[in-house]
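Visitor: Sharing a structure below in structure tokens format, with a few things to ask.
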Amino acid sequence: MNENKPGNSQSLACVFCRKNDDCPNKYGEKKTCEKWNFSVHYYCLLMSSGIWQRGKEEEGVYGFLIEDIRKEVNRASKLKCTVCKKNGASIGCVVPQCKRSYHLPCGLQKECIFQFTDNFASFCWKHRPVQAITSNKYRDSLPCTICLEFVEPIPTYNILQSPCCKNAWFHRDCLQVQAINAGVFFFRCTLCNNTDIFQKEMLRMGIHIPEKDASWELEENAYQELLQSHDRCDVRRCHCKEGREYNEPNSKWEIKRCQCCGSSGTHLACSSLQSWEKNWECLDCRRIAYTSDFQKAPKHPLANSTNVTVTDCLLEESSPKLPRQSTVAQQKELLRQGSKFRRDISTILIELGFQIKKKAKTLYINKANVWRSAVEQFQSQKFNPSYSIEVVYVNDKDEVGSKHPGSKQEFLSHLMHHLENSSVFEGSLAKNLSLNSQAVKENLYYEAGKMLAISLVHGGPSPGFFSETLFKCLAYGPENALPTLDDVSDLDVAQIIIKVIKRVKAPFESFKQGLKTLGVLEKIQAYPEAFYNILCHKPESLSAKNLSDLFTIHKLPDVKTSRFWNSYLQAVEDGKSATTLEDILHFATGCSSVPPTGFKPAPSIECLHGDFPVANKCNNCLALPVTNTYEEFQENMDFAIRDSIRLEKEERSHLLPRTLNVSSNEEMLF
């Protein structure tokens, strides 16, 4: 079988329906066999009642042998179409009592259903399957979720309803075009992405889903432009002697692309960027972000001010994000605007995680000083926050220098605990930035911001220790967050306080720059409501049901161990154990709360033919002991978990980062 040229193909009518039309969406692809001088529509061939595919795919026409096609044409020539009254009606209704026969185009005209699955059944307009008409909750028209034109939400032949999303409606023609373009691998519900239920129902209702890849996947070099990146320095004055196109990785002549548009670049040295992980915006994007959409507020010099505010002293000029209003009015306006774009925090962080590459960076962490080891690793020029993180714990006190793999989430949990108690923060529960000269000298405020950003995007626990003042300064700008100093009646005292506050500007700006890592600060400012809970509040207490649902049970020998596990969780929740649910989770995963993005891999439970439980924190796997009685099970669980937590707390109390001693006039709440 050979395909002829399109012009010749259209000159021959289909041997079944006698039409010259070449419309793949309605009749399938039109094929012409030059040797035997006939053409046939693919759907006409498939739906004909008296022919079967007896050959291989490359034989005849789509596996239908030429002799079989001739026999079917001869059979159909004796049957009259119920619609057009002409001979050649090769398709019949499958209902045994029904004697209607018709051509494919005539059947489509009379709204017959052709099922392109199993035995390729055909149903006439009297016996065709229909979708159930539920109570009409929709008084108004709803849009077709493909073409967005409004339809009446009542299932008919031309209007179909999704079986998985009851508020999703489609034109039949829209569905058919999408099915042909998407193929069996990508054809799914446009709202919930369900594949199995959706495709099964659409096949029942006569939508042909071809077994092929999507049309956009078959185009040669269709995504070639996505593999190209901008590699040119576009700043006004390029200092590289090798030229603007010169790019040397891991050096000051490495090209950094604009974090907003990606279509402009700069050498690190040409824009005074100290390291690759620092974000950079091109001039056009900065102009759009800070000039076009926002109005710069005026300065408020102290000498002419009767209402001294922290803002007037903290920044030389007000934030360009909003025109100056009262603090309360500004925050209400920001919340009003933000409510239009509320998003789930896990979704935001997962999207940020898309920029993490598969290439892994191994962090060698000394458990004797997690904080200092992390700072050294993060400050290394070879560290890239967009690489996957692998943790290896080293023990420099061991004579052989032993190393063993560690859990990334446990490391990030330790890091957040050390960070909360470091010299860059102060306060009891709600932490503010402190003013610490040694931390400024070591650039620890920048590293603290970077650590927080990395922990959030890489699946670590939420910090939960920010004060509301610190959070509002980050989300809305300091001028919209800090209280006035009206209650300071002594002008000399006010001026002293203001001089100290002005000195906090550098640590705060450095902390903000660190939070820009992986685009976290930008998301905080775009969705402050989503980030407020995870930055300012500790996670809610766990429940026995939460913990039971969190763990997937694998490889338990019998139901007794599973029953002991559930009883133990309930006993812990009821206070009948010295351990807590948070202790159990920490013992198994290294985290005492569920990270905003969840655990990877998901926590699981296995059985252990031993007396005490064992945790593999790298895989978030908890092996339960197999005991004869529940009392023995609880006693062994309590002992192992309490002992592990006790040893870790003792180790942590000795290894917390030593707070730097600073004089009282160097300490200031932000």
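Every chain in the structure tokens has a letter given in the order shown (A, B, ...), and although residue numbers restart at 1 in each chain, ligands are simply numbered from 1 in the order shown.
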I want to know what sits within 7 Å of region 585-590 of chain A, based on only C-alpha atoms, with residues of the same chain fewer than 3 positions away left out; could you give that as a ChimeraX atom specification?
Guide: /A:409-410,581-582,615-617,620-622,641
Visitor: Could the residues in this selection be saved with N, CA and C atoms as an mmCIF file, in the first residue's frame?
Guide:
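out-v2.cif written:
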data_model
loop_
_atom_site.group_PDB
_atom_site.id
_atom_site.type_symbol
_atom_site.label_atom_id
_atom_site.label_comp_id
_atom_site.auth_asym_id
_atom_site.auth_seq_id
_atom_site.Cartn_x
_atom_site.Cartn_y
_atom_site.Cartn_z
ATOM 1 N N GLN A 409 17.016 16.324 55.724
ATOM 2 C CA GLN A 409 16.005 16.997 56.529
ATOM 3 C C GLN A 409 16.428 17.103 57.990
ATOM 4 N N GLU A 410 17.149 16.098 58.491
ATOM 5 C CA GLU A 410 17.655 16.188 59.859
ATOM 6 C C GLU A 410 18.692 17.303 59.968
ATOM 7 N N LEU A 581 4.300 12.792 70.508
ATOM 8 C CA LEU A 581 4.185 12.466 69.088
ATOM 9 C C LEU A 581 5.292 13.134 68.284
ATOM 10 N N GLU A 582 5.682 14.350 68.718
ATOM 11 C CA GLU A 582 6.788 15.038 68.050
ATOM 12 C C GLU A 582 8.098 14.274 68.240
ATOM 13 N N ALA A 615 15.508 3.511 63.538
ATOM 14 C CA ALA A 615 15.086 4.504 62.549
ATOM 15 C C ALA A 615 16.172 4.707 61.507
ATOM 16 N N ASN A 616 15.771 4.780 60.258
ATOM 17 C CA ASN A 616 16.663 5.157 59.159
ATOM 18 C C ASN A 616 16.205 6.523 58.667
ATOM 19 N N LYS A 617 16.849 7.572 59.180
ATOM 20 C CA LYS A 617 16.395 8.925 58.891
ATOM 21 C C LYS A 617 16.670 9.342 57.450
ATOM 22 N N ASN A 620 13.575 7.977 56.001
ATOM 23 C CA ASN A 620 12.372 8.240 56.803
ATOM 24 C C ASN A 620 11.625 6.942 57.109
ATOM 25 N N CYS A 621 12.382 5.915 57.446
ATOM 26 C CA CYS A 621 11.813 4.589 57.694
ATOM 27 C C CYS A 621 11.964 4.222 59.168
ATOM 28 N N LEU A 622 10.872 3.794 59.787
ATOM 29 C CA LEU A 622 10.875 3.381 61.188
ATOM 30 C C LEU A 622 10.591 1.886 61.256
ATOM 31 N N ILE A 641 13.144 5.754 72.202
ATOM 32 C CA ILE A 641 12.915 7.129 71.753
ATOM 33 C C ILE A 641 13.409 8.121 72.798
#
Visitor: Where in region 77-209 of chain A does DSSP assign strand (DSSP E or B), given as a PyMOL selection string?
Guide: chain A and resi 80+87+91-92+101-102+113-114+122-123+142-144+150-151+159-161+169-171
Visitor: Could you go through region 515-621 of chain A and tell me which residues DSSP, when run on the backbone, assigns to helix (DSSP H, G or I), listing them as JSON, numbers by chain?
Guide: {"A": [515, 517, 518, 519, 520, 521, 522, 523, 524, 525, 526, 528, 529, 530, 531, 532, 533, 534, 535, 536, 544, 545, 546, 547, 548, 549, 550, 559, 560, 561, 562, 563, 564, 565, 566, 567, 568, 569, 570, 571, 572, 573, 581, 582, 583, 584, 585, 586, 587, 588, 589]}
Visitor: Output N, CA and C atoms for every residue in that selection, as a short mmCIF file (atom, residue, chain, number, x, y, z; two decimals), in the first residue's frame.
Guide:
data_model
loop_
_atom_site.label_atom_id
_atom_site.label_comp_id
_atom_site.auth_asym_id
_atom_site.auth_seq_id
_atom_site.Cartn_x
_atom_site.Cartn_y
_atom_site.Cartn_z
N LEU A 515 18.01 36.19 51.87
CA LEU A 515 16.69 35.60 51.64
C LEU A 515 16.30 35.61 50.17
N THR A 517 17.98 34.34 47.94
CA THR A 517 18.46 33.09 47.37
C THR A 517 17.29 32.23 46.90
N LEU A 518 17.38 31.74 45.70
CA LEU A 518 16.36 30.88 45.09
C LEU A 518 15.01 31.58 44.97
N GLY A 519 14.99 32.92 45.09
CA GLY A 519 13.76 33.69 44.87
C GLY A 519 12.79 33.67 46.03
N VAL A 520 13.25 33.34 47.25
CA VAL A 520 12.34 33.21 48.39
C VAL A 520 11.78 34.56 48.82
N LEU A 521 12.63 35.58 48.94
CA LEU A 521 12.15 36.89 49.40
C LEU A 521 11.08 37.44 48.46
N GLU A 522 11.26 37.26 47.17
CA GLU A 522 10.27 37.76 46.22
C GLU A 522 8.91 37.08 46.44
N LYS A 523 8.93 35.80 46.76
CA LYS A 523 7.68 35.10 47.04
C LYS A 523 7.06 35.54 48.36
N ILE A 524 7.91 35.83 49.36
CA ILE A 524 7.39 36.33 50.64
C ILE A 524 6.64 37.64 50.41
N GLN A 525 7.22 38.52 49.60
CA GLN A 525 6.59 39.81 49.34
C GLN A 525 5.36 39.67 48.44
N ALA A 526 5.34 38.66 47.58
CA ALA A 526 4.19 38.46 46.71
C ALA A 526 3.04 37.77 47.44
N PRO A 528 2.52 37.28 51.22
CA PRO A 528 2.86 37.37 52.65
C PRO A 528 1.96 36.50 53.53
N GLU A 529 0.67 36.38 53.17
CA GLU A 529 -0.23 35.59 54.02
C GLU A 529 0.18 34.12 54.05
N ALA A 530 0.69 33.63 52.92
CA ALA A 530 1.09 32.23 52.85
C ALA A 530 2.31 31.95 53.72
N PHE A 531 3.23 32.91 53.78
CA PHE A 531 4.48 32.70 54.52
C PHE A 531 4.37 33.07 55.99
N TYR A 532 3.32 33.81 56.37
CA TYR A 532 3.25 34.31 57.74
C TYR A 532 3.27 33.18 58.76
N ASN A 533 2.46 32.15 58.54
CA ASN A 533 2.36 31.08 59.54
C ASN A 533 3.65 30.31 59.70
N ILE A 534 4.34 30.01 58.59
CA ILE A 534 5.54 29.18 58.72
C ILE A 534 6.74 29.97 59.21
N LEU A 535 6.72 31.29 59.08
CA LEU A 535 7.85 32.10 59.55
C LEU A 535 7.64 32.61 60.97
N CYS A 536 6.40 32.85 61.37
CA CYS A 536 6.13 33.47 62.67
C CYS A 536 5.53 32.52 63.70
N ALA A 544 -2.57 11.75 66.95
CA ALA A 544 -2.32 10.34 66.64
C ALA A 544 -2.78 10.01 65.22
N LYS A 545 -3.89 10.57 64.82
CA LYS A 545 -4.39 10.31 63.46
C LYS A 545 -3.44 10.91 62.42
N ASN A 546 -2.95 12.14 62.67
CA ASN A 546 -1.99 12.75 61.74
C ASN A 546 -0.79 11.84 61.52
N LEU A 547 -0.25 11.35 62.63
CA LEU A 547 0.96 10.54 62.55
C LEU A 547 0.68 9.18 61.91
N SER A 548 -0.48 8.62 62.22
CA SER A 548 -0.84 7.33 61.62
C SER A 548 -1.01 7.46 60.12
N ASP A 549 -1.65 8.54 59.68
CA ASP A 549 -1.84 8.76 58.24
C ASP A 549 -0.54 9.10 57.53
N LEU A 550 0.40 9.70 58.28
CA LEU A 550 1.65 10.13 57.66
C LEU A 550 2.52 8.95 57.26
N VAL A 559 -1.20 -8.43 61.77
CA VAL A 559 -1.94 -7.23 62.17
C VAL A 559 -1.64 -6.84 63.61
N LYS A 560 -1.03 -7.74 64.39
CA LYS A 560 -0.79 -7.44 65.80
C LYS A 560 0.17 -6.27 65.96
N THR A 561 1.25 -6.26 65.20
CA THR A 561 2.21 -5.16 65.29
C THR A 561 1.57 -3.85 64.85
N SER A 562 0.75 -3.92 63.81
CA SER A 562 0.05 -2.72 63.36
C SER A 562 -0.90 -2.21 64.44
N ARG A 563 -1.58 -3.13 65.12
CA ARG A 563 -2.50 -2.75 66.19
C ARG A 563 -1.74 -2.15 67.37
N PHE A 564 -0.57 -2.72 67.69
CA PHE A 564 0.26 -2.16 68.76
C PHE A 564 0.69 -0.73 68.42
N TRP A 565 1.05 -0.51 67.15
CA TRP A 565 1.52 0.82 66.71
C TRP A 565 0.42 1.87 66.87
N ASN A 566 -0.78 1.55 66.43
CA ASN A 566 -1.89 2.50 66.54
C ASN A 566 -2.27 2.75 68.00
N SER A 567 -2.23 1.69 68.81
CA SER A 567 -2.53 1.85 70.25
C SER A 567 -1.48 2.71 70.92
N TYR A 568 -0.23 2.53 70.50
CA TYR A 568 0.86 3.32 71.09
C TYR A 568 0.70 4.81 70.76
N LEU A 569 0.36 5.11 69.52
CA LEU A 569 0.15 6.50 69.14
C LEU A 569 -0.98 7.12 69.96
N GLN A 570 -2.06 6.37 70.16
CA GLN A 570 -3.18 6.90 70.94
C GLN A 570 -2.78 7.10 72.40
N ALA A 571 -1.99 6.19 72.93
CA ALA A 571 -1.54 6.31 74.31
C ALA A 571 -0.64 7.53 74.48
N VAL A 572 0.23 7.78 73.53
CA VAL A 572 1.10 8.95 73.59
C VAL A 572 0.27 10.23 73.54
N GLU A 573 -0.74 10.25 72.66
CA GLU A 573 -1.59 11.44 72.56
C GLU A 573 -2.36 11.67 73.87
N LEU A 581 4.30 12.79 70.51
CA LEU A 581 4.19 12.47 69.09
C LEU A 581 5.29 13.13 68.28
N GLU A 582 5.68 14.35 68.72
CA GLU A 582 6.79 15.04 68.05
C GLU A 582 8.10 14.27 68.24
N ASP A 583 8.28 13.66 69.42
CA ASP A 583 9.48 12.85 69.66
C ASP A 583 9.53 11.65 68.70
N ILE A 584 8.39 11.02 68.49
CA ILE A 584 8.33 9.86 67.59
C ILE A 584 8.70 10.28 66.17
N LEU A 585 8.12 11.40 65.72
CA LEU A 585 8.42 11.86 64.36
C LEU A 585 9.89 12.24 64.23
N HIS A 586 10.42 12.89 65.25
CA HIS A 586 11.85 13.27 65.21
C HIS A 586 12.74 12.04 65.21
N PHE A 587 12.37 11.04 65.98
CA PHE A 587 13.15 9.81 66.04
C PHE A 587 13.21 9.13 64.67
N ALA A 588 12.10 9.19 63.92
CA ALA A 588 12.02 8.48 62.64
C ALA A 588 12.58 9.28 61.48
N THR A 589 12.45 10.61 61.53
CA THR A 589 12.79 11.42 60.36
C THR A 589 13.84 12.49 60.61
#
Visitor: Smallest atom-to-atom distance to Phe511 (chain A): which of A:Lys450, A:Arg188, A:Lys85, A:Lys441, using only C-alpha atoms?
Guide: A:Lys450
Visitor: Between CA of Leu175 (chain A) and CA of Glu149 (chain A), measure the distance and give it in Å to one decimal.
Guide: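 Computed distance, CA of Leu175 (chain A) to CA of Glu149 (chain A), equals 13.3 Å.
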